[in-house]
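> Here it is: the structure, laid out below.
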Amino acid sequence: MPRDVVTIDDLSEDEIQHIFSLADEILATQGTPGLPHRVRGRLALASEHVLATLFYEASTRTRLSFESAMLRLGGQYLSSADPKTTSTAKGETIADTVRVVENYADAIVMRHPCEGAVRVAAEYASIPVINAGDGGHEHPTQTLCDLYTLQREKGTLKDLNVMLWGDLKHGRTVHSLVYGLARFGARIIPVAGQGLGLPEHVVRRLHRDYDCTAVPPEEMGAVEQGEVPLDVVYLTPDKPHQRSLFTDLDGQTPTRLPANAFSSIDACYVTRLQRERIVGGGQPGDYTVIDKQFLEGKRYRDSKVLHPLPRVGELGYDMDNDERAVYFKQASYGVPVRMALIAALLELRPGLLSKSAPKRRHLEYHRQTLKCDNPLCVTMLETEQRYLKQKYLVINEEDHLLVRCVYCEHETAPACVGHESTRKYAPNDSPLDPHPDLVFFNSPAEAKAAGYSPSRE
Amino acid sequence: MPRDVVTIDDLSEDEIQHIFSLADEILATQGTPGLPHRVRGRLALASEHVLATLFYEASTRTRLSFESAMLRLGGQYLSSADPKTTSTAKGETIADTVRVVENYADAIVMRHPCEGAVRVAAEYASIPVINAGDGGHEHPTQTLCDLYTLQREKGTLKDLNVMLWGDLKHGRTVHSLVYGLARFGARIIPVAGQGLGLPEHVVRRLHRDYDCTAVPPEEMGAVEQGEVPLDVVYLTPDKPHQRSLFTDLDGQTPTRLPANAFSSIDACYVTRLQRERIVGGGQPGDYTVIDKQFLEGKRYRDSKVLHPLPRVGELGYDMDNDERAVYFKQASYGVPVRMALIAALLELRPGLLSKSAPKRRHLEYHRQTLKCDNPLCVTMLETEQRYLKQKYLVINEEDHLLVRCVYCEHETAPACVGHESTRKYAPNDSPLDPHPDLVFFNSPAEAKAAGYSPSRE
Amino acid sequence: MPRDVVTIDDLSEDEIQHIFSLADEILATQGTPGLPHRVRGRLALASEHVLATLFYEASTRTRLSFESAMLRLGGQYLSSADPKTTSTAKGETIADTVRVVENYADAIVMRHPCEGAVRVAAEYASIPVINAGDGGHEHPTQTLCDLYTLQREKGTLKDLNVMLWGDLKHGRTVHSLVYGLARFGARIIPVAGQGLGLPEHVVRRLHRDYDCTAVPPEEMGAVEQGEVPLDVVYLTPDKPHQRSLFTDLDGQTPTRLPANAFSSIDACYVTRLQRERIVGGGQPGDYTVIDKQFLEGKRYRDSKVLHPLPRVGELGYDMDNDERAVYFKQASYGVPVRMALIAALLELRPGLLSKSAPKRRHLEYHRQTLKCDNPLCVTMLETEQRYLKQKYLVINEEDHLLVRCVYCEHETAPACVGHESTRKYAPNDSPLDPHPDLVFFNSPAEAKAAGYSPSRE
């Protein structure tokens, strides 16, 4: 079974650091003297290998960065860049496409407009699959580049104060990034435009899966004269092993923040408004432009400014010559990081990755009693329904159970929970431990139609 | 003069077997231990060569398979994948395009929506040209892969019982395949959906050019309990040198079939409904899905299931784990077969191909008195008419003469035949040997307009 | 600072000849015996390098020729061929795009529909940028191929009689070519279709910047029997150092033409009607087709026939087998010339290019008081206006000053000229030397609004 990178969670913290080390090594040997962040020349690592880039959605930048990485590794690529010239136009399924393309190449990079589509590809391909963006879901290699840029420019990720600015609702790069920051013990300071905050499911997951704690605004230190006031929620990881600042080392209880915890913002990650992902019109208000004036305050003196690019107006051109601006460096790091990732997945360097992916902590649910209610989920595609089964993880919330679609990772709380052994069902509104006997239904009617009877009548 | 592969008839049986042998050799040396049907690594055969893929019609699969084959040979490719970005949009002719592109590459792979277009390219290019599909006409490398899959999976092509299933009317892969099967002595069992049978011209050509014989349904053996009854025509080659089962070795007369001739189907070649080729609406009925249930009968116990892919609904996903399913293997064979074909055409391995193409058995007709009546023929394109002349082969039918367009291979019977030496013409309704003095006309009026008078007045 | 080739003027005459010498050398070592104009095999010059081709406008031919050149040099390429799949669709600026792509490749080839766009790319990229066509502005590598073809087929460019035929108004290849011809001392004989003559600004520039002289029709020698009469203006360079035929070596005064100066046309450069560049309908008349009949006259006995291709109807197919036709050779020379150019820009061969571009002879004007009035200029794009400043060269005309946009090279005469030191302005209608104190305005009103007062009130 090959390793895949569909979400950032497909790599452990150790594996990510191994990839970053190889990227460092590549830059040390292949970086130009004048431009040590830029890879030049070609290695002989992948001279026997071919990478296929399958892009069902427009992206010159991401595609070219992967292809450049493959060339710089000494390899070759095959490219399918135009959504309209694919076999999909003839109704081919993702599963069939990758089982054909796996004969042409040694790894696949895929971008797809449907959320979860690349997970499907990874399930069916016998070669490694890398997600280059699946709708609004994930874009893990962008996250790797973001984390690598932060770590390389700041020396570490631990305890960094990272401000996230702009459209935090639609930007898939931001969702991946917050999970990544949480895992490495950085502090997350989301500052969203009007109506563009982190979605509830991301916040919920930060708390539940990454042990983050929200810090109330009154604890974030005084706003200085001339500064833009930040009316924000701080989310900070508090797991002991991450040695987060706000955690007692002997317990789970977060301490109060030191007064100067946020006196300096280490990095400001700016994102553009993802107009193309705003469904059904209705324009959220634009947000303040990040420029020299905005960053005048003492708090931002050492703030590295990152941006996944392209920018459209949220980041001033006057920043381009400011030494805090690292967004073009960030773009340049895309090549060594993707080189290292490809080298790891193709096992061109042994020992970077474990044999198998990090274990999922949750029980899998395979019964076909539910339907993912995310309209952008790959399971909604008629072509894929020919073969694709519904598949969920069962997640413990305080007083009910959630199911998370294995493909698009959308979470919902089914209306009813039954037990197969007893053929009884009840409303999903009480504490319950996930176990294999459980059966979920969207409604009492569906439970009854399946032959279940109410447990408390 | 370079060799080209525009139709499967551009290669002799011996040449095809040489190509298959090289494909075998490639798989033996480059196949992965666990996946011996899949090519890995890169040979150094074509390290000096460049392949240009010119696709005027969408096809990711075919294009990538050629480009992968070229990379695996150690070569490089140039790619023009988008019909709308070509010089054709500026009105360039095929002849001009290939005479420019021949300077950029060492061989050309072309797909074009017009029938015969790739023959035009081959006539004008001074480097080898491979047809990757020209409208509904031919797709010879798919046929090579199909034949190679059958031979590799079954050990031989001779006397194989090959069932062709689905849309036999519009599928160009099927037309190429039936000719190929006939040449290698396999038996063809067409089972078409409603209104989707083999076109008359294909059947006629099977009889005339490939010496096939139709076998009536009552001779095909009893239908077993539970089997889908096959109300079919069997076409079997009966040329002595092919040592077909149904031929007296000393004569041309087909014998009766042995009772058990079709008790076992060696392969089932499933095709999808070519909706995009059905002109002017009017939906032919869909056909039965090939799945585990269909293939339950004893007759299909050893039936390898092939499909040129993409499938849309005619082939069940439950077959994917059935060991009779070889359609993904078939796709994988595309790489070694195309590698071998490119190696042969570029003479990277000497001796695989003869200096010149197999001889055409028919007289060529070059006078400009006719016009191909296939509306999809390349000669109908206004741009090509600037330089392209009509060209036909003259073919002997029982009581009249046919002409076959050299480009699209469409056949028609001209209304009148004249003699240039006598300036007389007569209706084309009597036996007549093709000879260079003949002149064809679409109507008596055209014959008269050309200065010919009726011969029997 | 890397060298760029955005216009043909970015290369000095010496540098162009160095590039041609390397192209000669490539053909001598890599040309096939039978086809010495065609490059085969792969050099090891660029085995460490990657070329990115960014095409925002359709062009298979030009893109493939660059990619072929890079492969033949031993390098690799990245390709973005489809205008609709670029980040531009998300509103990215040219400056940002090239600052990202410079991390992926070692040089950029760009085609863009806006005039001056590639100059913007060159200004912002830290790697060499080559213009593969920017709207109706320039296409310098086509010009290099044209000049190389003339020189290689005729032995020299000096004193060649080169007839330019067809659409001289819209063809960017022709505008580049006339400047190139002028610089190398060839004589230019424009013969345009109705309403398709050289634009006034090109003629003006030929006189002013390239010291060409118009020769009246009555001095061009007698029209022979049967010849197409040429009612034309002859433009010939008359700078002494170019040793032009029509110049006294000791002075600037053109002499009368020798009677036989045009008795022989050395080359006939045919261009197609650029229908796609004719704005707002209104069809100029088509022009005479160049074919064997046209070229029957004695004057054309040795005329090499060139065409940048694609042709659509202005060049007869009967020429294809005429030995004067060199247009396919011309297409083939595109590969060695582009190989040599890339080798020069990437410094794969030292000493071909100077450290810096040829000096601009004109004063630069950087004040933001004007706006380029070319509607196709890159400075008109809303996205680019986020960062791009107006920039002009100031040019001395007899009784006024012109400004030439640094990007699209469009020239205009501003209505008013002021002096910053005196805050006075006057109409731009008297002789005046360019100097840094000058300020230009589009109107008296704008001058006044800027706080200037009329100088002669």
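For the structure tokens, the naming scheme is as follows: chains receive sequential letters (A, B, ...) according to their order of presentation, residues are indexed from 1 within each chain, and ligands are indexed from 1 in presentation order.
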Would you list which chain C residues are within 8 Å of chain B using only C-alpha atoms, as a list in words?
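The answer, sorted by residue number, is Arg38, Val39, Arg40, Gly41, Arg42, Glu57, Ala58, Ser59, Thr60, Arg61, Leu64, Ser65, Glu67, Ser68, Ala69, Leu71, Ala81, Asp82, Pro310, Arg311, Val312, Tyr317, Phe328, Ala331, Ser332 and Val335 of chain C.
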> What separation in Å, quoted to one decimal, exists between atom CA of B:Tyr56 and atom CA of C:Cys145?
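These atoms are spaced 27.1 Å apart.
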> Just list as number ranges by chain whatever in stretch 315-444 of chain C DSSP marks as strand (DSSP E or B).
C: 315, 325, 363-365, 377, 392-396, 401-405, 411-412, 416-419, 424-427, 438-441
> Check the smallest atom-to-atom distance from each of C:Arg204, C:Ser303, C:Pro36, C:Asp437 to C:Glu397 using only C-alpha atoms, then report the winner.
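When distances to C:Glu397 are compared using only C-alpha atoms, the smallest one comes from C:Arg204.
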> Mind checking which residues fall within 10 Å of C:Ala344, counting only C-alpha atoms, ignoring those fewer than 3 positions away in the same chain, and posting them as an NGL selection string?
:C and (3 or 15 or 18-19 or 22 or 338-341 or 347-354)
> How far is it from atom CA of B:Leu147 to atom CA of B:Ile395, in Å with one decimal?
27.6 Å
> Quick one: residues within 10 Å of A:Cys416, only C-alpha atoms, excluding same-chain residues fewer than 6 positions away - as a list in words?
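Non-adjacent residues within range: His400, Leu401, Tyr425, Ala426, Pro427, Asn428, Asp429, Val439, Phe440, Phe441, Asn442, Ser443, Pro444, Ala445, Glu446, Ala447 and Pro454 of chain A.
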> Just all heavy atoms for this one: save the residues we selected as a tab-separated table (two decimals), in the first residue's frame.

chain	number	residue	atom	x	y	z
A	400	HIS	N	-23.83	13.81	22.27
A	400	HIS	CA	-24.34	13.10	21.10
A	400	HIS	C	-23.14	12.59	20.29
A	400	HIS	O	-22.00	12.84	20.66
A	400	HIS	CB	-25.23	14.00	20.24
A	400	HIS	CG	-24.52	15.19	19.68
A	400	HIS	ND1	-24.16	16.28	20.45
A	400	HIS	CD2	-24.07	15.46	18.43
A	400	HIS	CE1	-23.55	17.16	19.71
A	400	HIS	NE2	-23.47	16.70	18.48
A	401	LEU	N	-23.43	11.90	19.21
A	401	LEU	CA	-22.37	11.41	18.33
A	401	LEU	C	-22.43	12.15	17.00
A	401	LEU	O	-23.50	12.50	16.51
A	401	LEU	CB	-22.52	9.90	18.09
A	401	LEU	CG	-22.22	9.00	19.29
A	401	LEU	CD1	-22.61	7.56	18.96
A	401	LEU	CD2	-20.74	9.08	19.65
A	425	TYR	N	-33.96	1.93	18.29
A	425	TYR	CA	-33.24	3.19	18.02
A	425	TYR	C	-33.74	4.26	18.98
A	425	TYR	O	-34.83	4.14	19.56
A	425	TYR	CB	-33.44	3.65	16.58
A	425	TYR	CG	-34.79	4.26	16.31
A	425	TYR	CD1	-35.02	5.63	16.48
A	425	TYR	CD2	-35.86	3.47	15.88
A	425	TYR	CE1	-36.26	6.19	16.25
A	425	TYR	CE2	-37.10	4.02	15.65
A	425	TYR	CZ	-37.31	5.37	15.84
A	425	TYR	OH	-38.53	5.92	15.62
A	426	ALA	N	-32.92	5.32	19.14
A	426	ALA	CA	-33.28	6.44	20.01
A	426	ALA	C	-32.78	7.72	19.39
A	426	ALA	O	-31.94	7.68	18.48
A	426	ALA	CB	-32.65	6.24	21.38
A	427	PRO	N	-33.29	8.90	19.83
A	427	PRO	CA	-32.73	10.15	19.32
A	427	PRO	C	-31.27	10.27	19.72
A	427	PRO	O	-30.85	9.79	20.77
A	427	PRO	CB	-33.57	11.24	20.01
A	427	PRO	CG	-34.78	10.54	20.52
A	427	PRO	CD	-34.39	9.12	20.78
A	428	ASN	N	-30.48	10.90	18.83
A	428	ASN	CA	-29.04	11.07	19.05
A	428	ASN	C	-28.81	12.29	19.93
A	428	ASN	O	-28.31	13.31	19.47
A	428	ASN	CB	-28.36	11.20	17.68
A	428	ASN	CG	-26.86	11.45	17.78
A	428	ASN	OD1	-26.24	11.18	18.81
A	428	ASN	ND2	-26.30	11.96	16.71
A	429	ASP	N	-29.22	12.21	21.21
A	429	ASP	CA	-29.10	13.39	22.06
A	429	ASP	C	-28.58	13.07	23.45
A	429	ASP	O	-28.78	13.83	24.39
A	429	ASP	CB	-30.44	14.14	22.15
A	429	ASP	CG	-31.54	13.24	22.69
A	429	ASP	OD1	-31.24	12.08	23.07
A	429	ASP	OD2	-32.70	13.69	22.70
A	439	VAL	N	-26.03	1.90	14.66
A	439	VAL	CA	-26.56	2.17	13.31
A	439	VAL	C	-27.15	3.57	13.34
A	439	VAL	O	-27.90	3.90	14.28
A	439	VAL	CB	-27.64	1.16	12.92
A	439	VAL	CG1	-28.06	1.37	11.47
A	439	VAL	CG2	-27.16	-0.26	13.15
A	440	PHE	N	-26.82	4.40	12.36
A	440	PHE	CA	-27.32	5.77	12.35
A	440	PHE	C	-28.41	5.96	11.29
A	440	PHE	O	-28.37	5.34	10.24
A	440	PHE	CB	-26.18	6.76	12.05
A	440	PHE	CG	-25.12	6.75	13.13
A	440	PHE	CD1	-23.93	6.03	12.96
A	440	PHE	CD2	-25.32	7.46	14.30
A	440	PHE	CE1	-22.97	6.02	13.95
A	440	PHE	CE2	-24.35	7.45	15.30
A	440	PHE	CZ	-23.18	6.73	15.12
A	441	PHE	N	-29.35	6.84	11.63
A	441	PHE	CA	-30.42	7.16	10.67
A	441	PHE	C	-30.63	8.66	10.63
A	441	PHE	O	-30.47	9.35	11.65
A	441	PHE	CB	-31.72	6.47	11.08
A	441	PHE	CG	-31.63	4.98	11.13
A	441	PHE	CD1	-31.51	4.33	12.34
A	441	PHE	CD2	-31.64	4.25	9.95
A	441	PHE	CE1	-31.41	2.94	12.39
A	441	PHE	CE2	-31.55	2.86	9.99
A	441	PHE	CZ	-31.43	2.21	11.21
A	442	ASN	N	-31.04	9.15	9.47
A	442	ASN	CA	-31.30	10.58	9.32
A	442	ASN	C	-32.61	11.00	9.97
A	442	ASN	O	-32.82	12.19	10.22
A	442	ASN	CB	-31.34	10.96	7.84
A	442	ASN	CG	-29.93	11.01	7.26
A	442	ASN	OD1	-29.00	11.46	7.93
A	442	ASN	ND2	-29.79	10.55	6.03
A	443	SER	N	-33.49	10.04	10.18
A	443	SER	CA	-34.80	10.38	10.75
A	443	SER	C	-35.44	9.13	11.34
A	443	SER	O	-35.06	8.01	10.97
A	443	SER	CB	-35.72	10.92	9.64
A	443	SER	OG	-35.97	9.89	8.70
A	444	PRO	N	-36.38	9.32	12.28
A	444	PRO	CA	-37.11	8.16	12.81
A	444	PRO	C	-37.78	7.36	11.70
A	444	PRO	O	-37.80	6.12	11.74
A	444	PRO	CB	-38.14	8.80	13.74
A	444	PRO	CG	-37.57	10.13	14.12
A	444	PRO	CD	-36.78	10.58	12.93
A	445	ALA	N	-38.30	8.06	10.70
A	445	ALA	CA	-38.97	7.36	9.61
A	445	ALA	C	-38.02	6.38	8.94
A	445	ALA	O	-38.37	5.23	8.65
A	445	ALA	CB	-39.50	8.38	8.59
A	446	GLU	N	-36.78	6.83	8.71
A	446	GLU	CA	-35.82	5.93	8.06
A	446	GLU	C	-35.44	4.77	8.97
A	446	GLU	O	-35.22	3.65	8.50
A	446	GLU	CB	-34.56	6.72	7.64
A	446	GLU	CG	-34.84	7.66	6.46
A	446	GLU	CD	-33.57	8.34	5.94
A	446	GLU	OE1	-32.46	7.90	6.28
A	446	GLU	OE2	-33.71	9.32	5.17
A	447	ALA	N	-35.35	5.06	10.25
A	447	ALA	CA	-35.05	3.96	11.19
A	447	ALA	C	-36.16	2.93	11.15
A	447	ALA	O	-35.91	1.72	11.06
A	447	ALA	CB	-34.89	4.54	12.60
A	454	PRO	N	-38.57	2.23	18.23
A	454	PRO	CA	-38.08	3.17	19.25
A	454	PRO	C	-37.75	2.43	20.53
A	454	PRO	O	-38.47	1.52	20.95
A	454	PRO	CB	-39.26	4.13	19.45
A	454	PRO	CG	-40.16	3.92	18.28
A	454	PRO	CD	-39.93	2.55	17.78
> How many Å lie between atom CA of A:Pro140 and atom CA of A:Leu315, rounded to one decimal?
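If I compute the distance from atom CA of A:Pro140 to atom CA of A:Leu315, I get 22.9 Å.
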> Show which residues sit within 12 Å of A:Arg152, as an MDAnalysis selection string. Count only C-alpha atoms, and ignore same-chain residues fewer than 2 positions away.
chainID A and resid 17 20:21 23:24 27 36:37 144:150 154:157 304 326 329:330 333 337
> List the spatial neighbours of B:Ile265 as a PyMOL selection string - criterion: any atom at most 6 Å away, only C-alpha atoms, same-chain residues fewer than 6 positions off excluded.
chain B and resi 161+299-300+303
> Export, as an mmCIF file, in the first residue's frame, the selected residues with C-alpha atoms.

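The result, stored in again_15.cif:
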data_model
loop_
_atom_site.group_PDB
_atom_site.id
_atom_site.type_symbol
_atom_site.label_atom_id
_atom_site.label_comp_id
_atom_site.auth_asym_id
_atom_site.auth_seq_id
_atom_site.Cartn_x
_atom_site.Cartn_y
_atom_site.Cartn_z
ATOM 1 C CA ASN B 161 -13.544 -17.011 -29.918
ATOM 2 C CA ARG B 299 -19.453 -20.683 -21.805
ATOM 3 C CA TYR B 300 -17.858 -17.670 -20.107
ATOM 4 C CA SER B 303 -13.709 -15.417 -20.871
#
> Neighbouring residues of stretch 123-137 of chain B were defined as those with any atom within 7 Å, considering only C-alpha atoms; residues of the same chain fewer than 2 positions away were excluded. Please report them as a VMD selection string.
chain B and resid 1 to 6 95 98 to 99 102 106 to 121 139 to 141 170 to 172 345 408
> Write the residues of the selection above to a file with N, CA and C atoms, as a CSV table (one decimal), in the first residue's frame.

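What landed in selection.csv:
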chain,number,residue,atom,x,y,z
B,1,MET,N,11.5,7.7,-47.2
B,1,MET,CA,10.1,7.8,-46.7
B,1,MET,C,9.9,7.1,-45.4
B,2,PRO,N,9.4,7.8,-44.4
B,2,PRO,CA,9.2,7.1,-43.1
B,2,PRO,C,8.0,6.2,-43.1
B,3,ARG,N,8.0,5.3,-42.2
B,3,ARG,CA,6.8,4.4,-42.1
B,3,ARG,C,5.8,5.2,-41.2
B,4,ASP,N,4.5,5.0,-41.4
B,4,ASP,CA,3.4,5.6,-40.6
B,4,ASP,C,2.5,4.5,-40.2
B,5,VAL,N,1.7,4.8,-39.1
B,5,VAL,CA,0.6,3.8,-38.7
B,5,VAL,C,-0.7,4.6,-38.6
B,6,VAL,N,-1.4,4.7,-39.7
B,6,VAL,CA,-2.7,5.4,-39.8
B,6,VAL,C,-3.8,4.4,-39.6
B,95,ALA,N,-1.5,19.9,-43.8
B,95,ALA,CA,-0.3,19.7,-44.5
B,95,ALA,C,0.8,20.7,-44.0
B,98,VAL,N,1.9,19.9,-40.2
B,98,VAL,CA,2.9,18.8,-40.0
B,98,VAL,C,4.3,19.2,-40.6
B,99,ARG,N,4.3,20.0,-41.6
B,99,ARG,CA,5.6,20.4,-42.2
B,99,ARG,C,6.3,21.4,-41.3
B,102,GLU,N,7.3,18.9,-38.0
B,102,GLU,CA,8.3,17.9,-38.3
B,102,GLU,C,9.7,18.5,-38.0
B,106,ASP,N,10.7,14.2,-33.8
B,106,ASP,CA,11.1,13.0,-34.6
B,106,ASP,C,10.0,12.1,-35.0
B,107,ALA,N,8.8,12.3,-34.4
B,107,ALA,CA,7.6,11.6,-34.8
B,107,ALA,C,6.4,12.4,-34.3
B,108,ILE,N,5.3,12.1,-34.9
B,108,ILE,CA,4.1,12.9,-34.6
B,108,ILE,C,3.0,11.8,-34.2
B,109,VAL,N,2.3,12.1,-33.1
B,109,VAL,CA,1.1,11.3,-32.8
B,109,VAL,C,-0.1,12.3,-33.0
B,110,MET,N,-1.1,12.0,-33.8
B,110,MET,CA,-2.2,12.9,-34.0
B,110,MET,C,-3.5,12.3,-33.8
B,111,ARG,N,-4.4,13.1,-33.1
B,111,ARG,CA,-5.8,12.8,-33.0
B,111,ARG,C,-6.6,13.9,-33.7
B,112,HIS,N,-7.6,13.6,-34.5
B,112,HIS,CA,-8.3,14.6,-35.2
B,112,HIS,C,-9.7,14.2,-35.4
B,113,PRO,N,-10.7,15.2,-35.3
B,113,PRO,CA,-12.1,14.8,-35.5
B,113,PRO,C,-12.5,14.3,-36.9
B,114,CYS,N,-11.7,14.7,-37.9
B,114,CYS,CA,-12.1,14.3,-39.3
B,114,CYS,C,-11.5,13.0,-39.7
B,115,GLU,N,-12.3,12.2,-40.4
B,115,GLU,CA,-11.9,10.9,-40.8
B,115,GLU,C,-10.9,11.1,-42.0
B,116,GLY,N,-9.8,10.5,-41.9
B,116,GLY,CA,-8.7,10.6,-42.9
B,116,GLY,C,-7.7,11.6,-42.7
B,117,ALA,N,-7.9,12.5,-41.7
B,117,ALA,CA,-7.1,13.6,-41.4
B,117,ALA,C,-5.6,13.2,-41.1
B,118,VAL,N,-5.5,12.0,-40.4
B,118,VAL,CA,-4.1,11.6,-40.1
B,118,VAL,C,-3.4,11.0,-41.3
B,119,ARG,N,-4.2,10.5,-42.2
B,119,ARG,CA,-3.6,10.0,-43.5
B,119,ARG,C,-3.0,11.2,-44.2
B,120,VAL,N,-3.7,12.3,-44.2
B,120,VAL,CA,-3.2,13.5,-44.9
B,120,VAL,C,-1.9,14.0,-44.2
B,121,ALA,N,-1.9,14.0,-42.8
B,121,ALA,CA,-0.7,14.3,-42.1
B,121,ALA,C,0.5,13.4,-42.5
B,139,HIS,N,-8.3,3.8,-35.0
B,139,HIS,CA,-7.5,4.0,-33.8
B,139,HIS,C,-6.6,2.9,-33.6
B,140,PRO,N,-5.6,2.8,-34.5
B,140,PRO,CA,-4.9,1.5,-34.6
B,140,PRO,C,-4.0,1.1,-33.4
B,141,THR,N,-3.6,2.1,-32.6
B,141,THR,CA,-2.8,1.6,-31.5
B,141,THR,C,-3.6,1.0,-30.4
B,170,HIS,N,-20.6,2.7,-33.9
B,170,HIS,CA,-19.9,3.9,-33.8
B,170,HIS,C,-18.4,3.8,-33.3
B,171,GLY,N,-18.1,2.6,-32.7
B,171,GLY,CA,-16.9,2.5,-32.1
B,171,GLY,C,-15.7,2.2,-33.0
B,172,ARG,N,-14.8,3.2,-33.2
B,172,ARG,CA,-13.7,3.0,-34.1
B,172,ARG,C,-12.8,1.9,-33.7
B,345,LEU,N,9.1,2.6,-35.3
B,345,LEU,CA,9.0,3.6,-36.3
B,345,LEU,C,10.2,4.5,-36.3
B,408,CYS,N,-10.5,8.6,-45.8
B,408,CYS,CA,-11.4,8.1,-44.8
B,408,CYS,C,-11.8,6.7,-45.0
> Between B:Thr369, B:Leu432, B:Cys405, B:Thr32, which has the minimum distance to B:Ala450 (counting only C-alpha atoms)?
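Among B:Thr369, B:Leu432, B:Cys405, B:Thr32, it is B:Thr369 that comes nearest to B:Ala450.
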> So which one's closest to A:Lys158, A:Tyr269, A:Tyr392, A:Tyr179, A:Phe184? Using only C-alpha atoms, please.
A:Phe184
